[in-house]
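Novice: Sharing protein04.tsv (TSV, C-alpha atoms) below.
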chain	number	residue	atom	x	y	z
A	80	MET	CA	9.03	-46.84	-9.45
A	81	LYS	CA	7.62	-47.57	-6.00
A	82	ASN	CA	6.96	-43.88	-5.34
A	83	LEU	CA	4.78	-43.38	-8.39
A	84	LYS	CA	1.69	-44.52	-6.47
A	85	TYR	CA	2.12	-41.55	-4.14
A	86	LEU	CA	2.18	-39.26	-7.15
A	87	LEU	CA	-1.18	-40.73	-8.18
A	88	VAL	CA	-2.71	-40.23	-4.72
A	89	GLY	CA	-1.31	-36.69	-4.79
A	90	ILE	CA	-3.04	-36.07	-8.12
A	91	VAL	CA	-6.38	-37.23	-6.71
A	92	PHE	CA	-5.83	-35.12	-3.57
A	93	GLY	CA	-4.91	-32.10	-5.73
A	94	ILE	CA	-7.97	-32.51	-7.95
A	95	ALA	CA	-10.20	-32.76	-4.85
A	96	LEU	CA	-8.65	-29.61	-3.35
A	97	THR	CA	-8.99	-27.73	-6.63
A	98	LYS	CA	-12.44	-28.93	-7.70
A	99	GLY	CA	-13.62	-28.50	-4.10
A	100	GLU	CA	-12.28	-24.90	-4.41
A	101	ALA	CA	-10.30	-25.29	-1.16
A	102	ILE	CA	-7.35	-23.64	-2.93
A	103	SER	CA	-9.44	-20.58	-3.79
A	104	TRP	CA	-8.53	-17.33	-2.05
A	105	PHE	CA	-12.19	-16.34	-2.39
A	106	ARG	CA	-13.36	-19.45	-0.55
A	107	ILE	CA	-10.81	-18.95	2.25
A	108	GLN	CA	-11.97	-15.36	2.84
A	109	GLU	CA	-15.57	-16.52	2.82
A	110	MET	CA	-14.72	-19.25	5.35
A	111	PHE	CA	-12.94	-16.89	7.76
A	112	ARG	CA	-15.89	-14.49	7.51
A	113	PHE	CA	-18.39	-17.30	8.26
A	114	GLU	CA	-20.35	-16.44	5.14
A	115	SER	CA	-20.75	-19.95	3.76
A	116	PHE	CA	-20.81	-23.54	4.96
A	117	HIS	CA	-18.78	-24.83	2.00
A	118	MET	CA	-15.27	-25.04	3.51
A	119	TYR	CA	-16.59	-26.20	6.89
A	120	GLY	CA	-18.50	-28.90	5.05
A	121	ILE	CA	-15.25	-30.14	3.49
A	122	PHE	CA	-13.59	-30.39	6.94
A	123	MET	CA	-16.64	-31.89	8.58
A	124	THR	CA	-16.75	-34.69	6.03
A	125	ALA	CA	-12.99	-35.22	5.49
A	126	VAL	CA	-12.24	-35.68	9.20
A	127	PRO	CA	-15.00	-38.22	10.03
A	128	VAL	CA	-14.26	-40.19	6.84
A	129	GLY	CA	-10.59	-40.30	7.87
A	130	ALA	CA	-11.46	-41.19	11.48
A	131	LEU	CA	-13.90	-43.92	10.47
A	132	SER	CA	-11.30	-45.40	8.09
A	133	LEU	CA	-8.76	-45.51	10.93
A	134	ILE	CA	-11.25	-47.30	13.17
A	135	ILE	CA	-11.88	-49.85	10.40
A	136	LEU	CA	-8.13	-50.30	9.80
A	137	ARG	CA	-7.64	-50.99	13.52
A	138	ARG	CA	-10.67	-53.23	14.05
A	139	MET	CA	-9.85	-55.38	11.04
A	140	LYS	CA	-6.15	-55.30	11.99
A	141	LEU	CA	-5.32	-54.47	8.39
A	142	LYS	CA	-1.69	-54.43	7.28
A	143	THR	CA	-0.01	-52.32	4.63
A	144	PHE	CA	0.13	-53.81	1.13
A	145	ALA	CA	3.69	-54.88	1.95
A	146	GLY	CA	2.42	-56.74	5.04
A	147	ASP	CA	3.70	-54.38	7.75
A	148	ALA	CA	1.67	-53.34	10.78
A	149	ILE	CA	0.09	-49.91	10.37
A	150	GLU	CA	1.60	-47.35	12.74
A	151	ILE	CA	0.09	-44.01	13.68
A	152	PRO	CA	2.46	-42.17	16.03
A	153	ALA	CA	0.87	-39.84	18.60
A	154	LYS	CA	1.18	-36.07	18.06
A	155	GLU	CA	2.91	-34.61	21.07
A	156	TYR	CA	2.01	-31.29	22.59
A	157	HIS	CA	4.55	-28.47	22.47
A	158	HIS	CA	3.86	-24.72	22.59
A	159	GLY	CA	4.61	-24.43	18.88
A	160	VAL	CA	1.31	-26.20	18.23
A	161	ILE	CA	-0.44	-23.01	19.34
A	162	ILE	CA	2.11	-20.27	18.51
A	163	GLY	CA	3.08	-21.74	15.14
A	164	SER	CA	-0.52	-22.44	14.14
A	165	LEU	CA	-1.57	-18.86	14.93
A	166	ILE	CA	1.26	-17.59	12.69
A	167	PHE	CA	0.26	-20.06	9.99
A	168	GLY	CA	-3.36	-18.86	10.26
A	169	TYR	CA	-2.31	-15.29	9.42
A	170	GLY	CA	-0.41	-16.55	6.38
A	171	TRP	CA	-3.36	-18.69	5.30
A	172	ALA	CA	-5.65	-15.64	5.38
A	173	MET	CA	-3.18	-13.67	3.23
A	174	THR	CA	-2.33	-16.25	0.59
A	175	GLY	CA	-5.51	-18.32	0.62
A	176	ALA	CA	-3.12	-21.27	0.76
A	177	CYS	CA	-2.26	-23.82	3.35
A	178	PRO	CA	0.67	-25.99	2.25
A	179	GLY	CA	-1.36	-28.28	-0.08
A	180	PRO	CA	-2.81	-25.39	-2.04
A	181	LEU	CA	0.67	-23.81	-2.30
A	182	TYR	CA	1.33	-26.47	-4.91
A	183	ALA	CA	-2.16	-26.68	-6.38
A	184	GLN	CA	-2.42	-22.89	-6.89
A	185	ILE	CA	0.69	-23.02	-9.08
A	186	GLY	CA	-0.72	-25.98	-11.02
A	187	SER	CA	-4.05	-24.25	-11.52
A	188	GLY	CA	-2.33	-21.58	-13.59
A	189	TYR	CA	-1.59	-18.77	-11.11
A	190	THR	CA	2.15	-18.92	-11.75
A	191	ALA	CA	2.88	-15.89	-9.55
A	192	THR	CA	2.13	-18.15	-6.57
A	193	ILE	CA	5.51	-19.80	-7.27
A	194	ALA	CA	6.68	-16.78	-5.26
A	195	THR	CA	4.37	-17.83	-2.41
A	196	LEU	CA	5.88	-21.33	-2.39
A	197	VAL	CA	9.45	-19.98	-2.44
A	198	ALA	CA	8.54	-17.63	0.43
A	199	ALA	CA	7.10	-20.60	2.37
A	200	LEU	CA	10.37	-22.47	1.85
A	201	ALA	CA	12.22	-19.41	3.15
A	202	GLY	CA	9.90	-19.31	6.17
A	203	THR	CA	10.55	-22.99	6.89
A	204	TRP	CA	14.30	-22.45	6.58
A	205	VAL	CA	14.30	-19.37	8.81
A	206	PHE	CA	12.30	-21.28	11.42
A	207	GLY	CA	14.98	-24.00	11.36
A	208	PHE	CA	17.66	-21.35	11.76
A	209	LEU	CA	15.90	-19.65	14.70
A	210	GLN	CA	14.51	-22.79	16.34
A	211	LYS	CA	17.03	-22.85	19.20
A	212	TYR	CA	16.06	-19.31	20.24
A	213	LEU	CA	12.30	-19.92	20.20
A	214	PRO	CA	10.17	-21.45	22.98
A	215	ASP	CA	9.31	-25.00	22.05
B	233	MET	CA	-19.22	-34.36	-20.25
B	234	GLU	CA	-20.17	-31.01	-18.79
B	235	PHE	CA	-20.00	-32.36	-15.22
B	236	LEU	CA	-16.20	-32.68	-15.48
B	237	TYR	CA	-15.92	-28.88	-15.51
B	238	LYS	CA	-18.26	-28.29	-12.60
B	239	PRO	CA	-16.84	-27.62	-9.12
B	240	TRP	CA	-17.36	-30.40	-6.57
B	241	PRO	CA	-19.78	-29.87	-3.71
B	242	TRP	CA	-18.28	-30.16	-0.21
B	243	TYR	CA	-19.82	-33.58	0.36
B	244	VAL	CA	-17.81	-34.97	-2.57
B	245	ALA	CA	-14.49	-33.12	-2.05
B	246	GLY	CA	-14.39	-33.73	1.72
B	247	PRO	CA	-14.76	-37.54	1.66
B	248	VAL	CA	-12.22	-37.88	-1.19
B	249	ILE	CA	-9.72	-35.85	0.87
B	250	GLY	CA	-10.52	-37.96	3.95
B	251	LEU	CA	-9.95	-41.22	2.06
B	252	THR	CA	-6.33	-40.29	1.30
B	253	VAL	CA	-5.66	-40.93	5.03
B	254	PRO	CA	-6.24	-44.74	4.94
B	255	LEU	CA	-4.94	-45.00	1.37
B	256	LEU	CA	-1.50	-43.61	2.26
B	257	LEU	CA	-1.33	-45.83	5.35
B	258	LEU	CA	-2.20	-48.95	3.37
B	259	MET	CA	0.24	-48.09	0.59
B	260	GLY	CA	3.21	-47.88	2.89
B	261	ASN	CA	2.55	-46.54	6.38
B	262	LYS	CA	2.63	-42.94	5.19
B	263	ARG	CA	0.93	-40.28	7.29
B	264	LEU	CA	-0.85	-37.54	5.36
B	265	GLY	CA	1.09	-34.31	5.84
B	266	ILE	CA	2.10	-31.66	3.37
B	267	SER	CA	4.10	-29.03	5.24
B	268	SER	CA	6.82	-31.70	5.76
B	269	SER	CA	7.55	-31.37	2.03
B	270	LEU	CA	8.83	-27.84	2.66
B	271	ARG	CA	11.21	-29.21	5.28
B	272	HIS	CA	12.43	-31.95	2.92
B	273	ILE	CA	13.12	-29.42	0.17
B	274	CYS	CA	15.11	-27.27	2.63
B	275	ALA	CA	17.01	-30.37	3.80
B	276	ALA	CA	17.78	-31.34	0.21
B	277	CYS	CA	18.81	-27.88	-1.02
B	278	ILE	CA	20.24	-25.75	1.83
B	279	PRO	CA	20.66	-27.85	5.02
B	280	ALA	CA	23.41	-25.48	6.30
B	281	SER	CA	24.11	-27.73	9.32
B	282	ILE	CA	20.81	-26.69	10.89
B	283	PRO	CA	19.60	-29.52	13.19
B	284	LEU	CA	16.05	-29.38	11.76
B	285	PHE	CA	17.42	-30.19	8.31
B	286	LYS	CA	20.01	-32.80	9.29
B	287	TYR	CA	18.34	-36.10	8.37
B	288	ASP	CA	18.15	-38.31	5.33
B	289	TRP	CA	15.44	-36.57	3.31
B	290	ARG	CA	15.74	-39.29	0.63
B	291	LYS	CA	13.84	-41.63	2.97
B	292	GLU	CA	10.92	-39.20	2.83
B	293	ILE	CA	10.96	-38.78	-0.92
B	294	TRP	CA	7.46	-40.26	-1.25
B	295	ASN	CA	6.24	-36.94	0.18
B	296	LEU	CA	7.81	-35.00	-2.68
B	297	TYR	CA	6.12	-37.30	-5.21
B	298	PHE	CA	2.87	-36.67	-3.36
B	299	VAL	CA	3.13	-32.86	-3.55
B	300	GLY	CA	4.23	-33.15	-7.19
B	301	GLY	CA	0.93	-34.94	-7.68
B	302	VAL	CA	-0.94	-32.16	-5.87
B	303	LEU	CA	0.55	-29.65	-8.31
B	304	LEU	CA	-0.52	-31.81	-11.27
B	305	GLY	CA	-3.95	-32.24	-9.68
B	306	GLY	CA	-4.20	-28.44	-9.53
B	307	PHE	CA	-3.43	-28.33	-13.26
B	308	ILE	CA	-6.03	-31.00	-14.10
B	309	GLY	CA	-8.72	-29.46	-11.89
B	310	GLY	CA	-7.88	-25.81	-12.50
B	311	VAL	CA	-6.72	-25.67	-16.13
B	312	VAL	CA	-7.73	-28.80	-18.08
B	313	PHE	CA	-11.18	-29.02	-16.49
B	314	ALA	CA	-11.39	-25.40	-15.36
B	315	ASN	CA	-14.77	-24.22	-14.13
B	316	PRO	CA	-16.03	-21.75	-16.80
B	317	ASP	CA	-18.05	-19.87	-14.16
B	318	PRO	CA	-16.88	-17.68	-11.27
B	319	VAL	CA	-16.46	-19.38	-7.87
B	320	ALA	CA	-19.96	-19.35	-6.37
B	321	ILE	CA	-19.05	-17.44	-3.21
B	322	SER	CA	-21.79	-15.94	-1.08
B	323	SER	CA	-23.16	-12.59	-2.18
B	324	SER	CA	-21.99	-10.94	1.06
B	325	THR	CA	-18.35	-12.06	0.53
B	326	LEU	CA	-18.55	-10.90	-3.09
B	327	ALA	CA	-19.93	-7.50	-2.06
B	328	TYR	CA	-17.18	-7.14	0.54
B	329	MET	CA	-14.49	-7.99	-2.03
B	330	GLN	CA	-15.92	-5.47	-4.48
B	331	THR	CA	-15.40	-2.68	-1.92
B	332	PHE	CA	-11.66	-3.34	-2.43
B	333	GLY	CA	-11.94	-3.32	-6.22
B	334	ILE	CA	-11.82	-7.08	-6.57
B	335	SER	CA	-14.22	-7.97	-9.37
B	336	LYS	CA	-16.44	-10.98	-9.93
B	337	GLN	CA	-14.39	-13.20	-12.23
B	338	THR	CA	-13.78	-16.73	-13.39
B	339	GLY	CA	-10.86	-18.59	-11.84
B	340	LEU	CA	-10.05	-19.60	-8.30
B	341	MET	CA	-7.93	-16.58	-7.36
B	342	PRO	CA	-8.49	-12.83	-7.77
B	343	GLY	CA	-6.40	-12.01	-10.86
B	344	GLU	CA	-5.96	-8.42	-9.60
B	345	LEU	CA	-3.95	-9.65	-6.59
B	346	PHE	CA	-2.14	-12.80	-7.66
B	347	ASN	CA	-0.08	-11.90	-10.72
B	348	TRP	CA	3.65	-11.28	-11.30
B	349	GLY	CA	3.33	-7.50	-11.61
B	350	GLU	CA	1.52	-7.30	-8.28
B	351	LEU	CA	4.57	-8.79	-6.53
B	352	LEU	CA	6.26	-5.42	-6.99
B	353	THR	CA	3.51	-3.58	-5.10
B	354	SER	CA	3.37	-3.44	-1.32
B	355	ARG	CA	-0.06	-5.10	-1.34
B	356	GLY	CA	0.98	-8.06	-3.49
B	357	PHE	CA	4.32	-8.38	-1.72
B	358	ILE	CA	2.62	-8.65	1.66
B	359	LEU	CA	-0.06	-11.08	0.46
B	360	MET	CA	2.23	-13.46	-1.45
B	361	ILE	CA	5.72	-13.08	0.06
B	362	VAL	CA	5.00	-12.20	3.68
B	363	GLY	CA	1.95	-14.50	3.66
B	364	GLY	CA	3.89	-17.41	2.18
B	365	PHE	CA	6.73	-16.87	4.65
B	366	LEU	CA	4.30	-17.07	7.59
B	367	VAL	CA	2.75	-20.27	6.18
B	368	GLY	CA	6.18	-21.93	6.02
B	369	PHE	CA	7.39	-20.57	9.36
B	370	GLY	CA	4.19	-21.28	11.27
B	371	THR	CA	3.55	-24.78	9.95
B	372	ARG	CA	7.09	-25.92	10.76
B	373	TYR	CA	6.84	-24.36	14.23
B	374	ALA	CA	3.58	-26.26	14.74
B	375	ARG	CA	5.01	-29.42	13.07
B	376	GLY	CA	1.99	-29.73	10.87
B	377	CYS	CA	-0.63	-27.93	8.86
B	378	THR	CA	-4.23	-28.31	7.73
B	379	SER	CA	-3.50	-31.80	6.43
B	380	GLY	CA	-1.16	-33.19	9.11
B	381	HIS	CA	-2.96	-31.68	12.10
B	382	GLY	CA	-6.36	-30.65	10.70
B	383	ILE	CA	-7.17	-33.89	8.88
B	384	MET	CA	-4.71	-36.65	9.83
B	385	GLY	CA	-4.31	-35.55	13.47
B	386	LEU	CA	-8.01	-34.94	14.10
B	387	ALA	CA	-8.97	-38.21	12.39
B	388	ALA	CA	-6.54	-40.00	14.74
B	389	LEU	CA	-8.14	-38.13	17.69
B	390	GLN	CA	-4.94	-36.36	18.71
B	391	TRP	CA	-5.70	-33.50	21.10
B	392	PRO	CA	-2.60	-31.41	20.18
B	393	SER	CA	-3.95	-31.41	16.63
B	394	LEU	CA	-7.26	-30.04	17.89
B	395	LEU	CA	-5.38	-27.18	19.56
B	396	ALA	CA	-3.46	-26.58	16.32
B	397	THR	CA	-6.66	-26.55	14.25
B	398	MET	CA	-8.37	-24.14	16.64
B	399	SER	CA	-5.28	-21.91	16.56
B	400	PHE	CA	-4.87	-21.68	12.79
B	401	PHE	CA	-8.59	-21.04	12.33
B	402	GLY	CA	-8.45	-18.48	15.15
B	403	GLY	CA	-5.41	-16.78	13.60
B	404	GLY	CA	-7.04	-16.67	10.18
B	405	ILE	CA	-10.35	-15.31	11.52
B	406	LEU	CA	-8.65	-12.56	13.55
B	407	PHE	CA	-6.43	-11.65	10.63
B	408	SER	CA	-9.18	-11.43	8.02
B	409	TYR	CA	-11.36	-9.25	10.23
B	410	TYR	CA	-8.78	-6.89	11.71
B	411	VAL	CA	-5.73	-6.76	9.43
B	412	LEU	CA	-6.57	-7.88	5.90
B	413	PRO	CA	-8.83	-4.86	5.13
B	414	TYR	CA	-5.83	-2.55	5.67
B	415	ILE	CA	-3.62	-4.61	3.37
B	416	LEU	CA	-6.26	-4.71	0.63
B	417	THR	CA	-6.52	-0.92	0.60
B	418	LEU	CA	-2.75	-0.39	0.19
Write the structure described by the file as structure tokens, please.
Specialist:
Amino acid sequence: MKNLKYLLVGIVFGIALTKGEAISWFRIQEMFRFESFHMYGIFMTAVPVGALSLIILRRMKLKTFAGDAIEIPAKEYHHGVIIGSLIFGYGWAMTGACPGPLYAQIGSGYTATIATLVAALAGTWVFGFLQKYLPD
Amino acid sequence: MEFLYKPWPWYVAGPVIGLTVPLLLLMGNKRLGISSSLRHICAACIPASIPLFKYDWRKEIWNLYFVGGVLLGGFIGGVVFANPDPVAISSSTLAYMQTFGISKQTGLMPGELFNWGELLTSRGFILMIVGGFLVGFGTRYARGCTSGHGIMGLAALQWPSLLATMSFFGGGILFSYYVLPYILTL
């Protein structure tokens, strides 16, 4: 099963989110109220570690394990980057969940958050349905 | 073995999260991103001829394995090795929460708000259903979330991702100061 390795990375990612309390509604409220450094500390270490790794991958011209060149497509600007992210921010403040924690909150025993995940799927679907009417 | 139950400080959790970026690339040119999984599930279940969902989601199935892992990781970190103590939030956040009747408790979520019965109240419905809907709608509109823009995009020095990160933090900050207090008193 070639996809099983992604399950394993997902497990590590999920444990880090959960043990780092990034899936905690309490921590998200605290972050948005600027009452602790904790969540900012997670971002301020995750991003540089990711960025430094990318620099190393490029400098050493590393290939994937299968021998392919590593590709990182550019993110293109569209207005949705701002409008959509603002909307997402409101939802994050309500649920305490960005998409990763949607899954981890369920796993951590708060089964009612299955409803949050289903609602997020509905939101994604409705966006797809309305996309042609919305400014890009 | 007591340390297994302890929460991780930010300087442990952050770097582990950051290291998934090169790991996924090395494993198979996969870009960290979680909100895409919601799109793949829509494409697999109810594509309804909507252009956004007309693609071969099977080629992206690694992403569904990944989020399956995130759910299992939540179980391992939140149930098997659950922290026996309440989340150590700052005393000012705790005091603020208590003004809305949210008690100090063990567990990562306030049990008063995130339970099945609460879904039938206007407060719980707004927090879980409306909130979840906005997460799904907004992240797809932005084509990325905290992982795809906030971590992967920023690590790759993509300026649209910086705008996205500033916007979702801005949205969350505005919302928790000006709107959330009204929802919590419903």
Novice: How many Å separate atom CA of Lys81 of chain A from atom CA of Leu304 of chain B?
Specialist: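 Here the two named atoms are 18.5 Å from each other.
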Novice: My list of candidates is A:Ser164, A:Ser103, A:Thr203, A:Thr143. Which is closest to Ala396 of chain B when distances are computed with only C-alpha atoms?
Specialist: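 That would be A:Ser164, the residue with the smallest distance to Ala396 of chain B.
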Novice: For the atom pair atom CA of Glu114 of chain A and atom CA of Ile249 of chain B, what is the interatomic distance in Å to one decimal place?
Specialist: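 Atom CA of Ile249 of chain B lies at a distance of 22.5 Å from atom CA of Glu114 of chain A.
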Novice: Which residues come within 9 Å of segment 117-123 of chain A, counting all atoms listed in the file, excluding same-chain residues fewer than 5 positions away, as number ranges by chain?
Specialist: A: 99-101, 106-107, 109-110, 128; B: 241-247, 249-250, 382-383
Novice: Could you name the residues that touch Leu366 of chain B at 8 Å or less, counting all atoms listed in the file, but leaving out those on the same chain fewer than 5 positions away, as a list in words?
Specialist: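 Once the adjacent positions are removed, what remains is Ile166, Phe167, Tyr169, Gly170, Ala199 and Gly202 of chain A.
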Novice: Determine the nearest neighbour of chain A from the options B:Glu234, B:Phe298, B:Leu418, B:Ser379, counting all atoms listed in the file.
Specialist: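 The answer is B:Phe298, which sits nearest to chain A.
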Novice: Might you pull out every residue within 12 Å of Thr338 of chain B, with only C-alpha atoms counted and same-chain residues fewer than 6 positions away left off, and present them as a list of chain:residue names?
Specialist: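 Near neighbours after the sequence-gap exclusion: A:Ser103, A:Phe105, B:Gly310, B:Val311, B:Ala314, B:Asn315, B:Pro316, B:Asp317, B:Pro318, B:Val319, B:Ala320, B:Ile321.
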